file upload_27.cif (mmCIF, N, CA, C and O atoms)
data_final
loop_
_atom_site.label_atom_id
_atom_site.label_comp_id
_atom_site.auth_asym_id
_atom_site.auth_seq_id
_atom_site.Cartn_x
_atom_site.Cartn_y
_atom_site.Cartn_z
N LYS A 7 -8.24 -2.50 0.70
CA LYS A 7 -7.81 -3.87 0.65
C LYS A 7 -6.67 -3.98 -0.35
O LYS A 7 -6.74 -3.44 -1.44
N LEU A 8 -5.63 -4.70 0.03
CA LEU A 8 -4.49 -4.95 -0.84
C LEU A 8 -4.15 -6.42 -0.72
O LEU A 8 -4.07 -6.95 0.38
N VAL A 9 -3.97 -7.09 -1.86
CA VAL A 9 -3.61 -8.50 -1.85
C VAL A 9 -2.27 -8.64 -2.54
O VAL A 9 -2.10 -8.23 -3.69
N LEU A 10 -1.31 -9.22 -1.83
CA LEU A 10 0.02 -9.49 -2.37
C LEU A 10 0.07 -10.96 -2.78
O LEU A 10 -0.41 -11.82 -2.04
N THR A 11 0.63 -11.23 -3.94
CA THR A 11 0.76 -12.62 -4.38
C THR A 11 2.19 -12.90 -4.80
O THR A 11 2.88 -12.03 -5.33
N ASN A 12 2.62 -14.12 -4.54
CA ASN A 12 3.93 -14.59 -4.94
C ASN A 12 3.70 -15.69 -5.96
O ASN A 12 3.22 -16.76 -5.62
N VAL A 13 4.01 -15.44 -7.22
CA VAL A 13 3.74 -16.41 -8.27
C VAL A 13 4.96 -17.27 -8.59
O VAL A 13 4.88 -18.17 -9.42
N ALA A 14 6.07 -17.02 -7.94
CA ALA A 14 7.27 -17.85 -8.16
C ALA A 14 7.04 -19.25 -7.61
O ALA A 14 6.38 -19.43 -6.58
N LYS A 15 7.56 -20.24 -8.31
CA LYS A 15 7.42 -21.63 -7.85
C LYS A 15 8.51 -21.90 -6.82
O LYS A 15 9.56 -22.44 -7.12
N SER A 16 8.22 -21.49 -5.61
CA SER A 16 9.18 -21.61 -4.53
C SER A 16 8.44 -21.84 -3.22
O SER A 16 7.35 -21.33 -3.02
N ALA A 17 9.06 -22.60 -2.35
CA ALA A 17 8.46 -22.84 -1.03
C ALA A 17 8.95 -21.82 -0.01
O ALA A 17 8.59 -21.90 1.16
N ASN A 18 9.76 -20.87 -0.46
CA ASN A 18 10.33 -19.89 0.46
C ASN A 18 9.30 -18.87 0.91
O ASN A 18 8.40 -18.50 0.17
N ILE A 19 9.48 -18.39 2.12
CA ILE A 19 8.65 -17.30 2.64
C ILE A 19 9.28 -15.99 2.20
O ILE A 19 10.49 -15.79 2.34
N ILE A 20 8.47 -15.11 1.66
CA ILE A 20 8.91 -13.80 1.19
C ILE A 20 8.75 -12.80 2.33
O ILE A 20 7.72 -12.78 2.99
N GLU A 21 9.76 -11.97 2.54
CA GLU A 21 9.67 -10.91 3.54
C GLU A 21 9.84 -9.57 2.84
O GLU A 21 10.82 -9.35 2.14
N VAL A 22 8.85 -8.69 3.02
CA VAL A 22 8.90 -7.37 2.39
C VAL A 22 8.55 -6.28 3.40
O VAL A 22 7.92 -6.54 4.41
N THR A 23 8.97 -5.09 3.08
CA THR A 23 8.55 -3.90 3.81
C THR A 23 7.70 -3.08 2.86
O THR A 23 8.10 -2.81 1.73
N MET A 24 6.50 -2.71 3.32
CA MET A 24 5.54 -2.02 2.47
C MET A 24 5.54 -0.52 2.75
O MET A 24 5.54 -0.09 3.89
N GLY A 25 5.50 0.25 1.69
CA GLY A 25 5.29 1.69 1.77
C GLY A 25 4.08 2.03 0.92
O GLY A 25 3.78 1.35 -0.05
N MET A 26 3.37 3.07 1.30
CA MET A 26 2.17 3.44 0.54
C MET A 26 1.93 4.94 0.68
O MET A 26 2.15 5.51 1.75
N SER A 27 1.48 5.55 -0.41
CA SER A 27 1.06 6.95 -0.35
C SER A 27 -0.19 7.10 -1.21
O SER A 27 -0.41 6.34 -2.15
N ILE A 28 -1.00 8.08 -0.87
CA ILE A 28 -2.25 8.34 -1.57
C ILE A 28 -2.19 9.74 -2.16
O ILE A 28 -1.96 10.70 -1.43
N GLU A 29 -2.37 9.84 -3.47
CA GLU A 29 -2.37 11.13 -4.14
C GLU A 29 -3.81 11.53 -4.39
O GLU A 29 -4.65 10.71 -4.78
N GLY A 30 -4.10 12.80 -4.16
CA GLY A 30 -5.45 13.27 -4.37
C GLY A 30 -5.50 14.78 -4.48
O GLY A 30 -4.47 15.44 -4.60
N MET A 31 -6.72 15.29 -4.43
CA MET A 31 -6.94 16.73 -4.52
C MET A 31 -7.61 17.21 -3.25
O MET A 31 -8.48 16.53 -2.70
N ASN A 32 -7.19 18.37 -2.78
CA ASN A 32 -7.80 19.00 -1.62
C ASN A 32 -7.85 20.50 -1.89
O ASN A 32 -6.80 21.13 -2.06
N GLU A 33 -9.05 21.03 -1.96
CA GLU A 33 -9.28 22.45 -2.22
C GLU A 33 -8.59 22.89 -3.51
O GLU A 33 -7.95 23.94 -3.57
N GLY A 34 -8.69 22.04 -4.55
CA GLY A 34 -8.15 22.39 -5.85
C GLY A 34 -6.65 22.20 -6.02
O GLY A 34 -6.11 22.51 -7.07
N GLU A 35 -5.97 21.72 -4.99
CA GLU A 35 -4.53 21.52 -5.07
C GLU A 35 -4.18 20.05 -4.90
O GLU A 35 -4.81 19.33 -4.12
N SER A 36 -3.14 19.62 -5.61
CA SER A 36 -2.67 18.25 -5.50
C SER A 36 -2.02 18.05 -4.13
O SER A 36 -1.31 18.92 -3.63
N GLN A 37 -2.29 16.90 -3.53
CA GLN A 37 -1.75 16.60 -2.21
C GLN A 37 -1.40 15.12 -2.15
O GLN A 37 -2.13 14.27 -2.66
N ILE A 38 -0.27 14.80 -1.55
CA ILE A 38 0.14 13.40 -1.35
C ILE A 38 0.21 13.14 0.14
O ILE A 38 0.88 13.86 0.88
N LEU A 39 -0.51 12.11 0.55
CA LEU A 39 -0.55 11.73 1.97
C LEU A 39 0.17 10.40 2.15
O LEU A 39 -0.01 9.47 1.37
N SER A 40 0.98 10.32 3.19
CA SER A 40 1.65 9.06 3.50
C SER A 40 0.68 8.15 4.24
O SER A 40 -0.34 8.60 4.78
N LEU A 41 1.02 6.89 4.29
CA LEU A 41 0.19 5.92 5.01
C LEU A 41 0.03 6.32 6.47
O LEU A 41 -1.04 6.20 7.05
N ASP A 42 1.09 6.84 7.07
CA ASP A 42 1.04 7.26 8.48
C ASP A 42 0.00 8.35 8.72
O ASP A 42 -0.57 8.45 9.80
N GLN A 43 -0.24 9.19 7.71
CA GLN A 43 -1.18 10.29 7.87
C GLN A 43 -2.64 9.86 7.78
O GLN A 43 -3.51 10.59 8.23
N VAL A 44 -2.91 8.71 7.19
CA VAL A 44 -4.30 8.33 6.95
C VAL A 44 -4.74 7.02 7.59
O VAL A 44 -5.92 6.72 7.62
N VAL A 45 -3.81 6.24 8.09
CA VAL A 45 -4.19 4.94 8.64
C VAL A 45 -4.89 5.14 9.99
O VAL A 45 -4.48 5.96 10.81
N THR A 46 -5.98 4.41 10.18
CA THR A 46 -6.73 4.54 11.44
C THR A 46 -6.31 3.47 12.44
O THR A 46 -6.57 3.60 13.61
N ASP A 47 -5.66 2.41 11.96
CA ASP A 47 -5.21 1.34 12.85
C ASP A 47 -3.71 1.49 13.06
O ASP A 47 -2.91 1.20 12.18
N SER A 48 -3.31 1.97 14.22
CA SER A 48 -1.90 2.21 14.49
C SER A 48 -1.09 0.92 14.56
O SER A 48 0.12 0.95 14.63
N LYS A 49 -1.77 -0.23 14.53
CA LYS A 49 -1.09 -1.51 14.61
C LYS A 49 -0.73 -2.07 13.24
O LYS A 49 -0.28 -3.20 13.13
N LEU A 50 -0.92 -1.31 12.17
CA LEU A 50 -0.62 -1.78 10.83
C LEU A 50 0.88 -2.09 10.74
O LEU A 50 1.72 -1.22 10.95
N ASN A 51 1.18 -3.34 10.43
CA ASN A 51 2.57 -3.77 10.34
C ASN A 51 3.04 -3.64 8.90
O ASN A 51 2.47 -4.24 8.00
N ARG A 52 4.10 -2.89 8.68
CA ARG A 52 4.63 -2.71 7.34
C ARG A 52 5.61 -3.81 6.95
O ARG A 52 5.99 -3.93 5.80
N ASN A 53 6.06 -4.58 7.93
CA ASN A 53 6.93 -5.71 7.66
C ASN A 53 6.06 -6.94 7.50
O ASN A 53 5.39 -7.36 8.43
N ILE A 54 6.06 -7.50 6.30
CA ILE A 54 5.10 -8.54 5.94
C ILE A 54 5.84 -9.80 5.51
O ILE A 54 6.81 -9.73 4.75
N LYS A 55 5.34 -10.94 5.98
CA LYS A 55 5.87 -12.25 5.58
C LYS A 55 4.73 -13.05 4.98
O LYS A 55 3.64 -13.09 5.54
N PHE A 56 4.99 -13.67 3.82
CA PHE A 56 3.98 -14.52 3.21
C PHE A 56 4.63 -15.52 2.27
O PHE A 56 5.76 -15.33 1.81
N LYS A 57 3.91 -16.58 1.99
CA LYS A 57 4.41 -17.62 1.10
C LYS A 57 3.75 -17.51 -0.28
O LYS A 57 4.42 -17.33 -1.27
N ASN A 58 2.45 -17.63 -0.33
CA ASN A 58 1.72 -17.58 -1.60
C ASN A 58 0.97 -16.26 -1.79
O ASN A 58 1.03 -15.66 -2.84
N PHE A 59 0.23 -15.85 -0.76
CA PHE A 59 -0.47 -14.58 -0.85
C PHE A 59 -0.72 -14.03 0.56
O PHE A 59 -0.67 -14.74 1.54
N LYS A 60 -0.97 -12.74 0.61
CA LYS A 60 -1.26 -12.06 1.88
C LYS A 60 -2.28 -10.97 1.61
O LYS A 60 -2.11 -10.15 0.71
N ARG A 61 -3.36 -10.98 2.37
CA ARG A 61 -4.39 -9.96 2.26
C ARG A 61 -4.14 -8.94 3.37
O ARG A 61 -4.03 -9.28 4.54
N ILE A 62 -4.11 -7.67 2.98
CA ILE A 62 -3.90 -6.58 3.93
C ILE A 62 -5.14 -5.70 3.87
O ILE A 62 -5.51 -5.20 2.81
N GLU A 63 -5.78 -5.53 5.01
CA GLU A 63 -7.00 -4.72 5.06
C GLU A 63 -6.88 -3.68 6.16
O GLU A 63 -6.21 -3.90 7.17
N GLY A 64 -7.52 -2.56 5.96
CA GLY A 64 -7.52 -1.52 6.96
C GLY A 64 -8.39 -0.36 6.51
O GLY A 64 -8.81 -0.29 5.35
N ASP A 65 -8.65 0.54 7.41
CA ASP A 65 -9.45 1.72 7.11
C ASP A 65 -8.53 2.93 7.03
O ASP A 65 -7.57 3.05 7.79
N LEU A 66 -8.86 3.81 6.10
CA LEU A 66 -8.11 5.06 5.93
C LEU A 66 -9.01 6.22 6.30
O LEU A 66 -10.20 6.22 6.01
N ASN A 67 -8.44 7.21 6.94
CA ASN A 67 -9.18 8.38 7.37
C ASN A 67 -8.57 9.61 6.68
O ASN A 67 -7.49 10.06 7.04
N PHE A 68 -9.27 10.13 5.67
CA PHE A 68 -8.77 11.26 4.91
C PHE A 68 -9.21 12.58 5.53
O PHE A 68 -10.26 12.66 6.15
N PRO A 69 -8.40 13.63 5.34
CA PRO A 69 -8.81 14.96 5.80
C PRO A 69 -10.09 15.40 5.10
O PRO A 69 -10.36 14.98 3.97
N VAL A 70 -10.84 16.26 5.73
CA VAL A 70 -12.07 16.78 5.14
C VAL A 70 -11.74 17.46 3.82
O VAL A 70 -10.80 18.24 3.72
N GLY A 71 -12.50 17.12 2.78
CA GLY A 71 -12.30 17.72 1.47
C GLY A 71 -11.31 16.99 0.58
O GLY A 71 -11.21 17.31 -0.60
N PHE A 72 -10.58 16.03 1.11
CA PHE A 72 -9.59 15.30 0.31
C PHE A 72 -10.30 14.28 -0.57
O PHE A 72 -11.12 13.49 -0.11
N LYS A 73 -9.97 14.29 -1.87
CA LYS A 73 -10.54 13.34 -2.82
C LYS A 73 -9.40 12.50 -3.39
O LYS A 73 -8.59 13.00 -4.17
N PRO A 74 -9.31 11.22 -2.99
CA PRO A 74 -8.21 10.38 -3.48
C PRO A 74 -8.33 10.10 -4.97
O PRO A 74 -9.43 9.92 -5.50
N LEU A 75 -7.19 10.10 -5.66
CA LEU A 75 -7.14 9.81 -7.09
C LEU A 75 -6.40 8.51 -7.39
O LEU A 75 -6.79 7.75 -8.26
N ARG A 76 -5.30 8.28 -6.68
CA ARG A 76 -4.52 7.06 -6.90
C ARG A 76 -3.70 6.73 -5.66
O ARG A 76 -3.47 7.59 -4.82
N VAL A 77 -3.31 5.47 -5.60
CA VAL A 77 -2.51 5.01 -4.48
C VAL A 77 -1.24 4.36 -5.04
O VAL A 77 -1.28 3.63 -6.03
N ALA A 78 -0.11 4.70 -4.45
CA ALA A 78 1.18 4.13 -4.85
C ALA A 78 1.65 3.19 -3.74
O ALA A 78 1.69 3.57 -2.57
N VAL A 79 1.97 1.98 -4.14
CA VAL A 79 2.44 0.96 -3.20
C VAL A 79 3.84 0.55 -3.62
O VAL A 79 4.08 0.28 -4.80
N ASP A 80 4.77 0.54 -2.67
CA ASP A 80 6.08 -0.01 -3.00
C ASP A 80 6.47 -1.05 -1.96
O ASP A 80 6.22 -0.90 -0.77
N LEU A 81 7.02 -2.13 -2.47
CA LEU A 81 7.45 -3.25 -1.64
C LEU A 81 8.93 -3.44 -1.83
O LEU A 81 9.43 -3.51 -2.95
N ARG A 82 9.64 -3.55 -0.71
CA ARG A 82 11.08 -3.79 -0.74
C ARG A 82 11.34 -5.15 -0.10
O ARG A 82 11.03 -5.35 1.07
N GLN A 83 11.90 -6.06 -0.90
CA GLN A 83 12.18 -7.39 -0.37
C GLN A 83 13.41 -7.32 0.53
O GLN A 83 14.43 -6.75 0.17
N LYS A 84 13.28 -7.92 1.69
CA LYS A 84 14.38 -7.92 2.65
C LYS A 84 15.54 -8.74 2.11
O LYS A 84 15.35 -9.78 1.49
N GLY A 85 16.74 -8.25 2.34
CA GLY A 85 17.94 -8.96 1.94
C GLY A 85 18.35 -8.73 0.50
O GLY A 85 19.30 -9.33 0.04
N SER A 86 17.66 -7.87 -0.21
CA SER A 86 18.00 -7.62 -1.61
C SER A 86 17.74 -6.15 -1.94
O SER A 86 16.62 -5.67 -1.82
N ARG A 87 18.77 -5.46 -2.36
CA ARG A 87 18.63 -4.04 -2.68
C ARG A 87 17.87 -3.80 -3.98
O ARG A 87 17.23 -2.79 -4.17
N LYS A 88 17.96 -4.75 -4.91
CA LYS A 88 17.35 -4.57 -6.22
C LYS A 88 15.90 -5.04 -6.28
O LYS A 88 15.23 -4.80 -7.26
N SER A 89 15.44 -5.73 -5.28
CA SER A 89 14.08 -6.28 -5.31
C SER A 89 13.08 -5.28 -4.74
O SER A 89 12.59 -5.44 -3.64
N THR A 90 12.79 -4.25 -5.52
CA THR A 90 11.77 -3.28 -5.15
C THR A 90 10.71 -3.26 -6.24
O THR A 90 11.02 -3.20 -7.42
N ILE A 91 9.47 -3.35 -5.82
CA ILE A 91 8.34 -3.29 -6.75
C ILE A 91 7.51 -2.08 -6.39
O ILE A 91 7.18 -1.87 -5.23
N LYS A 92 7.20 -1.27 -7.41
CA LYS A 92 6.34 -0.11 -7.18
C LYS A 92 5.20 -0.17 -8.19
O LYS A 92 5.42 -0.34 -9.38
N ARG A 93 3.97 -0.03 -7.68
CA ARG A 93 2.79 -0.05 -8.52
C ARG A 93 1.89 1.12 -8.12
O ARG A 93 1.76 1.43 -6.94
N VAL A 94 1.26 1.70 -9.12
CA VAL A 94 0.31 2.79 -8.89
C VAL A 94 -1.05 2.30 -9.36
O VAL A 94 -1.19 1.79 -10.47
N PHE A 95 -2.05 2.45 -8.50
CA PHE A 95 -3.41 2.03 -8.79
C PHE A 95 -4.33 3.24 -8.75
O PHE A 95 -4.26 4.03 -7.81
N GLU A 96 -5.19 3.35 -9.76
CA GLU A 96 -6.19 4.41 -9.76
C GLU A 96 -7.20 4.12 -8.66
O GLU A 96 -7.59 2.96 -8.45
N TRP A 97 -7.61 5.15 -7.95
CA TRP A 97 -8.61 5.01 -6.90
C TRP A 97 -9.96 4.79 -7.56
O TRP A 97 -10.35 5.54 -8.45
N PRO A 98 -10.69 3.75 -7.16
CA PRO A 98 -11.99 3.50 -7.79
C PRO A 98 -12.99 4.63 -7.50
O PRO A 98 -13.08 5.11 -6.39
N VAL A 99 -13.71 5.02 -8.54
CA VAL A 99 -14.73 6.05 -8.40
C VAL A 99 -16.04 5.36 -8.01
O VAL A 99 -16.44 4.39 -8.64
N THR A 100 -16.67 5.86 -6.96
CA THR A 100 -17.95 5.29 -6.53
C THR A 100 -19.03 6.33 -6.67
O THR A 100 -18.80 7.52 -6.48
N ALA A 101 -20.22 5.86 -6.97
CA ALA A 101 -21.37 6.77 -7.07
C ALA A 101 -21.71 7.24 -5.68
O ALA A 101 -21.77 6.45 -4.75
N GLY A 102 -21.91 8.49 -5.52
CA GLY A 102 -22.09 8.97 -4.18
C GLY A 102 -23.34 9.64 -3.90
O GLY A 102 -23.71 10.01 -2.89
#
call {"tool": "encode", "arguments": {"input": "upload_27.cif", "output": "structure tokens"}}
result
Amino acid sequence: KLVLTNVAKSANIIEVTMGMSIEGMNEGESQILSLDQVVTDSKLNRNIKFKNFKRIEGDLNFPVGFKPLRVAVDLRQKGSRKSTIKRVFEWPVTAG
């Protein structure tokens, strides 16, 4: 689950293109997977429009043995070369 928020006091609709990669370990080696490699819903739209917030949900299918460590998300605002936001989030550890 990813939630995008626009905190600017504006009535404008924001248009962004989303990129995402997942870094993890597989058989003792570091591996980075692109969103295309792990997304199970081929209909995931990377071009997103929203005004205040947008919730993006989907399922990821990792290769056998892959243990995700962090996810990198980058958003590029349409019409502006300098409006790129990149954030890295640690993958939550769950008791298994």
call {"tool": "closest_residue", "arguments": {"input": "upload_27.cif", "among": "A:Val70, A:Ile62, A:Leu75, A:Val99", "to": "Glu33 in chain A", "atoms": "all atoms listed in the file"}}
result
A:Val70
call {"tool": "residues_around", "arguments": {"input": "upload_27.cif", "residues": "Glu96 in chain A", "least_positions_apart": "5", "cutoff": "10 Å", "atoms": "only C-alpha atoms", "output": "list of chain:residue names"}}
result
A:Ile28, A:Glu29, A:Pro74, A:Leu75, A:Arg76, A:Val77, A:Ala78
call {"tool": "write_last_selection", "arguments": {"input": "upload_27.cif", "atoms": "N, CA, C and O atoms", "output": "short mmCIF file (atom, residue, chain, number, x, y, z; two decimals), in the coordinates of the input"}}
result
data_model
loop_
_atom_site.label_atom_id
_atom_site.label_comp_id
_atom_site.auth_asym_id
_atom_site.auth_seq_id
_atom_site.Cartn_x
_atom_site.Cartn_y
_atom_site.Cartn_z
N ILE A 28 -1.00 8.08 -0.87
CA ILE A 28 -2.25 8.34 -1.57
C ILE A 28 -2.19 9.74 -2.16
O ILE A 28 -1.96 10.70 -1.43
N GLU A 29 -2.37 9.84 -3.47
CA GLU A 29 -2.37 11.13 -4.14
C GLU A 29 -3.81 11.53 -4.39
O GLU A 29 -4.65 10.71 -4.78
N PRO A 74 -9.31 11.22 -2.99
CA PRO A 74 -8.21 10.38 -3.48
C PRO A 74 -8.33 10.10 -4.97
O PRO A 74 -9.43 9.92 -5.50
N LEU A 75 -7.19 10.10 -5.66
CA LEU A 75 -7.14 9.81 -7.09
C LEU A 75 -6.40 8.51 -7.39
O LEU A 75 -6.79 7.75 -8.26
N ARG A 76 -5.30 8.28 -6.68
CA ARG A 76 -4.52 7.06 -6.90
C ARG A 76 -3.70 6.73 -5.66
O ARG A 76 -3.47 7.59 -4.82
N VAL A 77 -3.31 5.47 -5.60
CA VAL A 77 -2.51 5.01 -4.48
C VAL A 77 -1.24 4.36 -5.04
O VAL A 77 -1.28 3.63 -6.03
N ALA A 78 -0.11 4.70 -4.45
CA ALA A 78 1.18 4.13 -4.85
C ALA A 78 1.65 3.19 -3.74
O ALA A 78 1.69 3.57 -2.57
#
call {"tool": "resolve_selection", "arguments": {"input": "upload_27.cif", "expression": "the PyMOL selection byres ((chain A and resi 18) around 4.5)", "output": "MDAnalysis selection string"}}
result
chainID A and resid 16:17 19:20 56:57
call {"tool": "atom_distance", "arguments": {"input": "upload_27.cif", "atom1": "atom N of Val79 in chain A", "atom2": "atom N of Gly34 in chain A"}}
result
22.7 Å
call {"tool": "residues_around", "arguments": {"input": "upload_27.cif", "residues": "Val44 in chain A", "least_positions_apart": "5", "cutoff": "5 Å", "atoms": "only N, CA, C and O atoms", "output": "VMD selection string"}}
result
chain A and resid 65 to 67
call {"tool": "closest_residue", "arguments": {"input": "upload_27.cif", "among": "A:Leu39, A:Phe95, A:Asn32, A:Glu21", "to": "Gly71 in chain A", "atoms": "only N, CA, C and O atoms"}}
result
A:Asn32
call {"tool": "closest_residue", "arguments": {"input": "upload_27.cif", "among": "A:Val22, A:Met31, A:Ile91, A:Lys73", "to": "Asn53 in chain A", "atoms": "all atoms listed in the file"}}
result
A:Val22
call {"tool": "closest_residue", "arguments": {"input": "upload_27.cif", "among": "A:Leu41, A:Gln83, A:Val94, A:Ser89", "to": "Ile54 in chain A", "atoms": "only N, CA, C and O atoms"}}
result
A:Gln83
call {"tool": "axis_aligned_box", "arguments": {"input": "upload_27.cif", "around": "range 67-85 of chain A", "padding_each_side": "4 Å", "output": "lines of an AutoDock Vina configuration file"}}
result
center_x = 3.4
center_y = 4.2
center_z = -0.4
size_x = 39.8
size_y = 36.0
size_z = 23.6
call {"tool": "decode", "arguments": {"input": "upload_27.cif", "residues": "range 29-75 of chain A", "atoms": "C-alpha atoms", "output": "mmCIF file, in the first residue's frame"}}
result
data_model
loop_
_atom_site.group_PDB
_atom_site.id
_atom_site.type_symbol
_atom_site.label_atom_id
_atom_site.label_comp_id
_atom_site.auth_asym_id
_atom_site.auth_seq_id
_atom_site.Cartn_x
_atom_site.Cartn_y
_atom_site.Cartn_z
ATOM 1 C CA GLU A 29 15.951 -3.923 -2.774
ATOM 2 C CA GLY A 30 16.502 -7.176 -0.964
ATOM 3 C CA MET A 31 18.613 -10.257 -0.499
ATOM 4 C CA ASN A 32 18.452 -13.485 -2.462
ATOM 5 C CA GLU A 33 20.803 -16.369 -1.666
ATOM 6 C CA GLY A 34 23.125 -14.049 0.252
ATOM 7 C CA GLU A 35 23.443 -11.490 -2.546
ATOM 8 C CA SER A 36 21.933 -8.041 -2.864
ATOM 9 C CA GLN A 37 19.290 -7.810 -5.579
ATOM 10 C CA ILE A 38 17.151 -4.930 -6.875
ATOM 11 C CA LEU A 39 13.853 -5.734 -8.546
ATOM 12 C CA SER A 40 11.875 -3.279 -10.638
ATOM 13 C CA LEU A 41 8.147 -2.881 -10.213
ATOM 14 C CA ASP A 42 7.630 -4.663 -13.554
ATOM 15 C CA GLN A 43 9.390 -7.751 -12.189
ATOM 16 C CA VAL A 44 7.197 -8.133 -9.108
ATOM 17 C CA VAL A 45 3.783 -6.648 -9.812
ATOM 18 C CA THR A 46 1.012 -9.223 -10.111
ATOM 19 C CA ASP A 47 -1.562 -6.820 -11.572
ATOM 20 C CA SER A 48 -0.501 -5.932 -15.106
ATOM 21 C CA LYS A 49 -3.060 -3.111 -15.053
ATOM 22 C CA LEU A 50 -1.075 -1.016 -12.558
ATOM 23 C CA ASN A 51 -1.084 2.511 -13.935
ATOM 24 C CA ARG A 52 2.110 4.454 -13.289
ATOM 25 C CA ASN A 53 0.564 7.706 -14.500
ATOM 26 C CA ILE A 54 -1.362 9.039 -11.531
ATOM 27 C CA LYS A 55 -3.658 12.039 -11.106
ATOM 28 C CA PHE A 56 -4.846 13.258 -7.724
ATOM 29 C CA LYS A 57 -5.887 16.403 -5.906
ATOM 30 C CA ASN A 58 -5.460 15.785 -2.171
ATOM 31 C CA PHE A 59 -4.443 12.149 -1.816
ATOM 32 C CA LYS A 60 -4.302 8.887 -3.743
ATOM 33 C CA ARG A 61 -4.125 5.367 -2.335
ATOM 34 C CA ILE A 62 -2.281 2.837 -4.487
ATOM 35 C CA GLU A 63 -2.678 -0.829 -3.609
ATOM 36 C CA GLY A 64 -1.476 -4.002 -5.229
ATOM 37 C CA ASP A 65 0.143 -7.352 -4.655
ATOM 38 C CA LEU A 66 3.800 -8.098 -5.271
ATOM 39 C CA ASN A 67 5.131 -11.504 -6.221
ATOM 40 C CA PHE A 68 8.767 -12.009 -5.209
ATOM 41 C CA PRO A 69 11.064 -14.753 -6.499
ATOM 42 C CA VAL A 70 11.530 -17.737 -4.194
ATOM 43 C CA GLY A 71 14.104 -16.910 -1.526
ATOM 44 C CA PHE A 72 13.939 -13.133 -2.026
ATOM 45 C CA LYS A 73 13.763 -11.173 1.237
ATOM 46 C CA PRO A 74 12.778 -7.509 0.719
ATOM 47 C CA LEU A 75 14.690 -4.916 2.761
#
